[in-house]
Amino acid sequence: MTTSLVSARWIVTGVDNNGAPSIISDAALAHDDGKVVEVGPAVQIRTTYPDAIETSYGNHMMLPGFVNSHHHVGLTPLQLGSPDYALELWFAGRLSARDIDPYLDTLYSAFEMIESGITTVQHIQGWMKGPYSNIHNAASAVLNAYKEIGMRTSYCFAVREQNRFVYEDDKEFCRRLPPDVGASMAEHLKAQEMPFDEFMTLFDELPGENTDPLIKIQLAPANLHWMTDDGLQAMQEKANEADVPMHMHILETAYQKEYAKRRTGTTAIKHLEKLGLLGPKLTIGHGVWLTEEDIEITAATGTCICHNCSSNFRLRSGLLPLMEYHRRNITVGMGIDEAGINDDRDMLQEMRMALNVHRIPGMDETDVPNCTQVFRMATEHGGLTTAFGSEIGRLDQGRFFDAVLIDFAKATYPFQDNDIAPLDAVIQRAKTKDVDSVIIGGKKVYEKGSFVNVDRDEILETIAATLSKPRTQDEIDRRWLRDNVFHEVQEFYRNYLDDESSRIPFYGNSSRT
């Protein structure tokens, strides 16, 4: 390939080790074969590459592409009929969700992600009916959608071995339901069972079937309550053999913290440390309810965290102790999970939420996150939680050329005082309408509201036509099941927590100094 140039008013290559953003004014980036060759002042880069074709963005800021480090589905649960509840009740509410083709579903959220500057997604698929052929076909459909639109994807299928509905054995829960409800629930859960070996077969087969450099496959033990210890250790062994990372939901709610105590006699983090799972190649999704000692263990082992800010609010899961992680230099990525606060996948909005919700009362600036820290979560640190690692997340020589170009003049119109740092102004003011272009692997996939590879209007019309049809019998049956099991789930958790103090994280204790 021939080296090409992209110039901009500013290029932000990343964040320096001292925590300051690395910004070059009147800059240009040379790229070849999907990777960054050199970045520097535009005059210098043009002199070095005199024959290169240049694309100029004179009013723009170029940033490393954003990374959505925790994602599941396209159409949101709310769109498909499930209101926001506390997480454990929300699973019951989602029983009645409409069926949608995974290819169309994936494109739906990919549109939203890319138009907000997301270039890489950690897609965690799961909660599907077997047999293996059905799950394999669904995984392939998801990956084909990402390949077609041109989005970088770190993919995993969430492995579940047990406790698929509440925090106890499936059969025990079904046995306590009214006979007709219990039978229907048992049938529903049975359909989601898949032998552990078949989960591993899926992991073994997908890389050979998806050799596109935009796709990497990793592993995902779904959560402690969904996995046996034997299964967790087997997956750790598999991950080590294949040299891939793992992403695991952990301590999303106080109820999960209580489950870990009942099962292990200690905390989930201490239990995972004992099993040998902690380390730089494990990302803890959510991580809201760690104890202070848990956080110290997480830091000491180099384990990563993924902050799912909107999801934690919408499902009443709690507030991540973000600054406790930052103070210990823990790698923290950012995920939008099922949907952001506005029921979409807008990373610019998600960054602003994370920036603002952790602003506790006081005047010490080190007690609250700043724009650069949040930017790093959405770029470099997000990349480190995926199978691409340090290949993405910065605009450095040798890394993949994944970038978002934001029209600074448009984002700050009619005025922005120069006393505000340009990156701060973008993080706090830019919206999806200001995203001009998105580049992934050196190729433009989005420009001025249009997708280069896929007709968005056609896909949305197909989705609308599909879901306008009457519910299938299976959807009707699951709706009946939802209505009849929801109260039983409420009863199961009514006295699950020992006392009111179980609902208060250590950093929320007013006695702590």
# chains A, B, ... in the order shown; residues from 1 in each chain; ligands from 1
>>> select_by_dssp(residues="region 215-261 of chain A", states="strand (DSSP E)", output="JSON, numbers by chain")
{"A": [215, 216, 217, 220, 221, 246, 247, 248, 249, 250]}
>>> closest_atom_pairs(of="region 64-94 of chain A", to="region 123-143 of chain A", cutoff="9 Å", atoms="only C-alpha atoms", output="Markdown table")
| residue | atom | partner | partner_atom | distance |
| --- | --- | --- | --- | --- |
| A:Asn68 | CA | A:His123 | CA | 8.6 |
| A:Ser69 | CA | A:His123 | CA | 7.9 |
| A:His70 | CA | A:His123 | CA | 6.5 |
| A:His71 | CA | A:His123 | CA | 5.0 |
| A:His72 | CA | A:Ile124 | CA | 5.1 |
| A:Val73 | CA | A:Gln125 | CA | 7.5 |
>>> closest_residue(among="A:Tyr259, A:Trp480, A:Tyr57, A:Tyr155", to="Arg94 (chain A)", atoms="only C-alpha atoms")
A:Trp480
>>> select_by_dssp(residues="region 74-264 of chain A", states="alpha helix (DSSP H)", output="PyMOL selection string")
chain A and resi 87-93+102-115+132-149+170-175+179-191+196-209+229-242+254-264
>>> atom_distance(atom1="CA of Glu88 (chain A)", atom2="CA of Thr106 (chain A)")
24.7 Å
>>> residues_around(residues="Gln44 (chain A)", least_positions_apart="6", cutoff="10 Å", atoms="only C-alpha atoms", output="MDAnalysis selection string")
chainID A and resid 27:28 50
>>> write_last_selection(atoms="all heavy atoms", output="PDB file, in the first residue's frame")
ATOM      1  N   ALA A  27      -1.188  19.331  12.996  1.00  0.00           N
ATOM      2  CA  ALA A  27      -0.485  18.053  12.936  1.00  0.00           C
ATOM      3  C   ALA A  27      -0.926  17.217  11.744  1.00  0.00           C
ATOM      4  O   ALA A  27      -1.955  17.476  11.107  1.00  0.00           O
ATOM      5  CB  ALA A  27      -0.718  17.281  14.228  1.00  0.00           C
ATOM      6  N   ALA A  28      -0.130  16.201  11.462  1.00  0.00           N
ATOM      7  CA  ALA A  28      -0.485  15.235  10.419  1.00  0.00           C
ATOM      8  C   ALA A  28      -0.045  13.851  10.864  1.00  0.00           C
ATOM      9  O   ALA A  28       0.900  13.693  11.647  1.00  0.00           O
ATOM     10  CB  ALA A  28       0.156  15.604   9.087  1.00  0.00           C
ATOM     11  N   PRO A  50       6.561  13.466   0.706  1.00  0.00           N
ATOM     12  CA  PRO A  50       6.141  14.490  -0.270  1.00  0.00           C
ATOM     13  C   PRO A  50       5.139  13.984  -1.310  1.00  0.00           C
ATOM     14  O   PRO A  50       4.383  14.795  -1.864  1.00  0.00           O
ATOM     15  CB  PRO A  50       7.460  14.900  -0.930  1.00  0.00           C
ATOM     16  CG  PRO A  50       8.361  13.710  -0.747  1.00  0.00           C
ATOM     17  CD  PRO A  50       7.989  13.144   0.591  1.00  0.00           C
TER      18      PRO A  50
END
>>> closest_atom_pairs(of="region 83-182 of chain A", to="region 465-479 of chain A", cutoff="10 Å", atoms="only C-alpha atoms", output="CSV")
residue,atom,partner,partner_atom,distance
A:Gly93,CA,A:Arg479,CA,9.0
A:Arg94,CA,A:Arg479,CA,9.0
A:Leu95,CA,A:Arg478,CA,5.7
A:Ser96,CA,A:Arg479,CA,4.4
A:Ala97,CA,A:Glu475,CA,7.3
A:Arg98,CA,A:Glu475,CA,6.3
A:Asp99,CA,A:Glu475,CA,7.5
A:Ile100,CA,A:Leu467,CA,7.7
A:Asp101,CA,A:Thr466,CA,9.2
>>> atom_distance(atom1="CA of Gly398 (chain A)", atom2="CA of Asp436 (chain A)")
24.5 Å
>>> residues_around(residues="region 242-250 of chain A", least_positions_apart="5", cutoff="8 Å", atoms="only C-alpha atoms", output="PyMOL selection string")
chain A and resi 217-224+256+268+281-287+385-387
>>> closest_residue(among="A:Thr298, A:Gln373, A:Thr291, A:Thr331", to="Ile504 (chain A)", atoms="only C-alpha atoms")
A:Thr291
>>> residues_around(residues="Thr119 (chain A)", least_positions_apart="2", cutoff="12 Å", atoms="only C-alpha atoms", output="PyMOL selection string")
chain A and resi 63-69+110-117+121-122+146+149-154+214+347+378-379+382-383+392-394+400-405+437-446
>>> atom_distance(atom1="CA of Leu251 (chain A)", atom2="CA of Met200 (chain A)")
24.6 Å
>>> closest_residue(among="A:Ala234, A:Ile459, A:Ala158, A:Val426", to="Leu275 (chain A)", atoms="only C-alpha atoms")
A:Ala234
>>> closest_residue(among="A:Val166, A:Val159, A:Pro102, A:Asp212", to="Met194 (chain A)", atoms="only C-alpha atoms")
A:Val159
>>> decode(residues="region 153-173 of chain A", atoms="N, CA, C and O atoms", output="mmCIF file, in the first residue's frame")
data_model
loop_
_atom_site.group_PDB
_atom_site.id
_atom_site.type_symbol
_atom_site.label_atom_id
_atom_site.label_comp_id
_atom_site.auth_asym_id
_atom_site.auth_seq_id
_atom_site.Cartn_x
_atom_site.Cartn_y
_atom_site.Cartn_z
ATOM 1 N N THR A 153 -13.497 -5.694 16.559
ATOM 2 C CA THR A 153 -14.299 -6.430 17.536
ATOM 3 C C THR A 153 -13.462 -7.433 18.310
ATOM 4 O O THR A 153 -12.754 -8.254 17.737
ATOM 5 N N SER A 154 -13.552 -7.347 19.624
ATOM 6 C CA SER A 154 -13.010 -8.366 20.526
ATOM 7 C C SER A 154 -14.220 -9.143 21.034
ATOM 8 O O SER A 154 -15.005 -8.637 21.824
ATOM 9 N N TYR A 155 -14.375 -10.367 20.556
ATOM 10 C CA TYR A 155 -15.611 -11.123 20.772
ATOM 11 C C TYR A 155 -15.414 -12.252 21.785
ATOM 12 O O TYR A 155 -14.383 -12.923 21.802
ATOM 13 N N CYS A 156 -16.447 -12.471 22.594
ATOM 14 C CA CYS A 156 -16.462 -13.642 23.475
ATOM 15 C C CYS A 156 -17.907 -14.062 23.723
ATOM 16 O O CYS A 156 -18.828 -13.245 23.639
ATOM 17 N N PHE A 157 -18.090 -15.330 24.003
ATOM 18 C CA PHE A 157 -19.416 -15.845 24.352
ATOM 19 C C PHE A 157 -19.413 -16.163 25.841
ATOM 20 O O PHE A 157 -18.565 -16.906 26.334
ATOM 21 N N ALA A 158 -20.363 -15.585 26.569
ATOM 22 C CA ALA A 158 -20.396 -15.730 28.022
ATOM 23 C C ALA A 158 -20.781 -17.156 28.420
ATOM 24 O O ALA A 158 -21.863 -17.638 28.066
ATOM 25 N N VAL A 159 -19.903 -17.808 29.144
ATOM 26 C CA VAL A 159 -20.112 -19.199 29.548
ATOM 27 C C VAL A 159 -20.904 -19.240 30.855
ATOM 28 O O VAL A 159 -20.537 -18.602 31.848
ATOM 29 N N ARG A 160 -21.991 -19.996 30.848
ATOM 30 C CA ARG A 160 -22.817 -20.188 32.049
ATOM 31 C C ARG A 160 -23.016 -21.681 32.267
ATOM 32 O O ARG A 160 -23.431 -22.406 31.361
ATOM 33 N N GLU A 161 -22.730 -22.114 33.466
ATOM 34 C CA GLU A 161 -22.873 -23.528 33.804
ATOM 35 C C GLU A 161 -24.023 -23.807 34.771
ATOM 36 O O GLU A 161 -24.490 -24.940 34.859
ATOM 37 N N GLN A 162 -24.452 -22.808 35.517
ATOM 38 C CA GLN A 162 -25.397 -23.050 36.606
ATOM 39 C C GLN A 162 -26.140 -21.772 36.961
ATOM 40 O O GLN A 162 -25.847 -20.707 36.436
ATOM 41 N N ASN A 163 -27.130 -21.899 37.843
ATOM 42 C CA ASN A 163 -27.829 -20.739 38.418
ATOM 43 C C ASN A 163 -28.205 -19.713 37.348
ATOM 44 O O ASN A 163 -27.883 -18.534 37.453
ATOM 45 N N ARG A 164 -28.891 -20.157 36.319
ATOM 46 C CA ARG A 164 -29.114 -19.317 35.148
ATOM 47 C C ARG A 164 -30.193 -18.246 35.323
ATOM 48 O O ARG A 164 -30.406 -17.438 34.418
ATOM 49 N N PHE A 165 -30.868 -18.252 36.469
ATOM 50 C CA PHE A 165 -31.956 -17.286 36.624
ATOM 51 C C PHE A 165 -31.874 -16.501 37.924
ATOM 52 O O PHE A 165 -31.947 -15.276 37.920
ATOM 53 N N VAL A 166 -31.758 -17.186 39.043
ATOM 54 C CA VAL A 166 -31.525 -16.529 40.330
ATOM 55 C C VAL A 166 -30.271 -17.139 40.945
ATOM 56 O O VAL A 166 -29.683 -18.060 40.384
ATOM 57 N N TYR A 167 -29.886 -16.646 42.113
ATOM 58 C CA TYR A 167 -28.626 -17.085 42.703
ATOM 59 C C TYR A 167 -28.803 -18.375 43.512
ATOM 60 O O TYR A 167 -28.452 -18.455 44.704
ATOM 61 N N GLU A 168 -29.361 -19.386 42.857
ATOM 62 C CA GLU A 168 -29.427 -20.732 43.397
ATOM 63 C C GLU A 168 -29.620 -21.703 42.237
ATOM 64 O O GLU A 168 -29.861 -21.296 41.088
ATOM 65 N N ASP A 169 -29.540 -22.979 42.523
ATOM 66 C CA ASP A 169 -29.672 -24.016 41.509
ATOM 67 C C ASP A 169 -30.993 -23.893 40.751
ATOM 68 O O ASP A 169 -32.053 -23.658 41.347
ATOM 69 N N ASP A 170 -30.923 -24.058 39.427
ATOM 70 C CA ASP A 170 -32.109 -23.911 38.582
ATOM 71 C C ASP A 170 -33.250 -24.814 39.044
ATOM 72 O O ASP A 170 -34.409 -24.394 39.147
ATOM 73 N N LYS A 171 -32.935 -26.072 39.321
ATOM 74 C CA LYS A 171 -33.971 -27.037 39.693
ATOM 75 C C LYS A 171 -34.609 -26.677 41.024
ATOM 76 O O LYS A 171 -35.829 -26.838 41.202
ATOM 77 N N GLU A 172 -33.802 -26.191 41.959
ATOM 78 C CA GLU A 172 -34.350 -25.816 43.261
ATOM 79 C C GLU A 172 -35.333 -24.660 43.114
ATOM 80 O O GLU A 172 -36.394 -24.644 43.730
ATOM 81 N N PHE A 173 -34.958 -23.678 42.305
ATOM 82 C CA PHE A 173 -35.849 -22.541 42.112
ATOM 83 C C PHE A 173 -37.145 -22.977 41.429
ATOM 84 O O PHE A 173 -38.242 -22.611 41.871
#
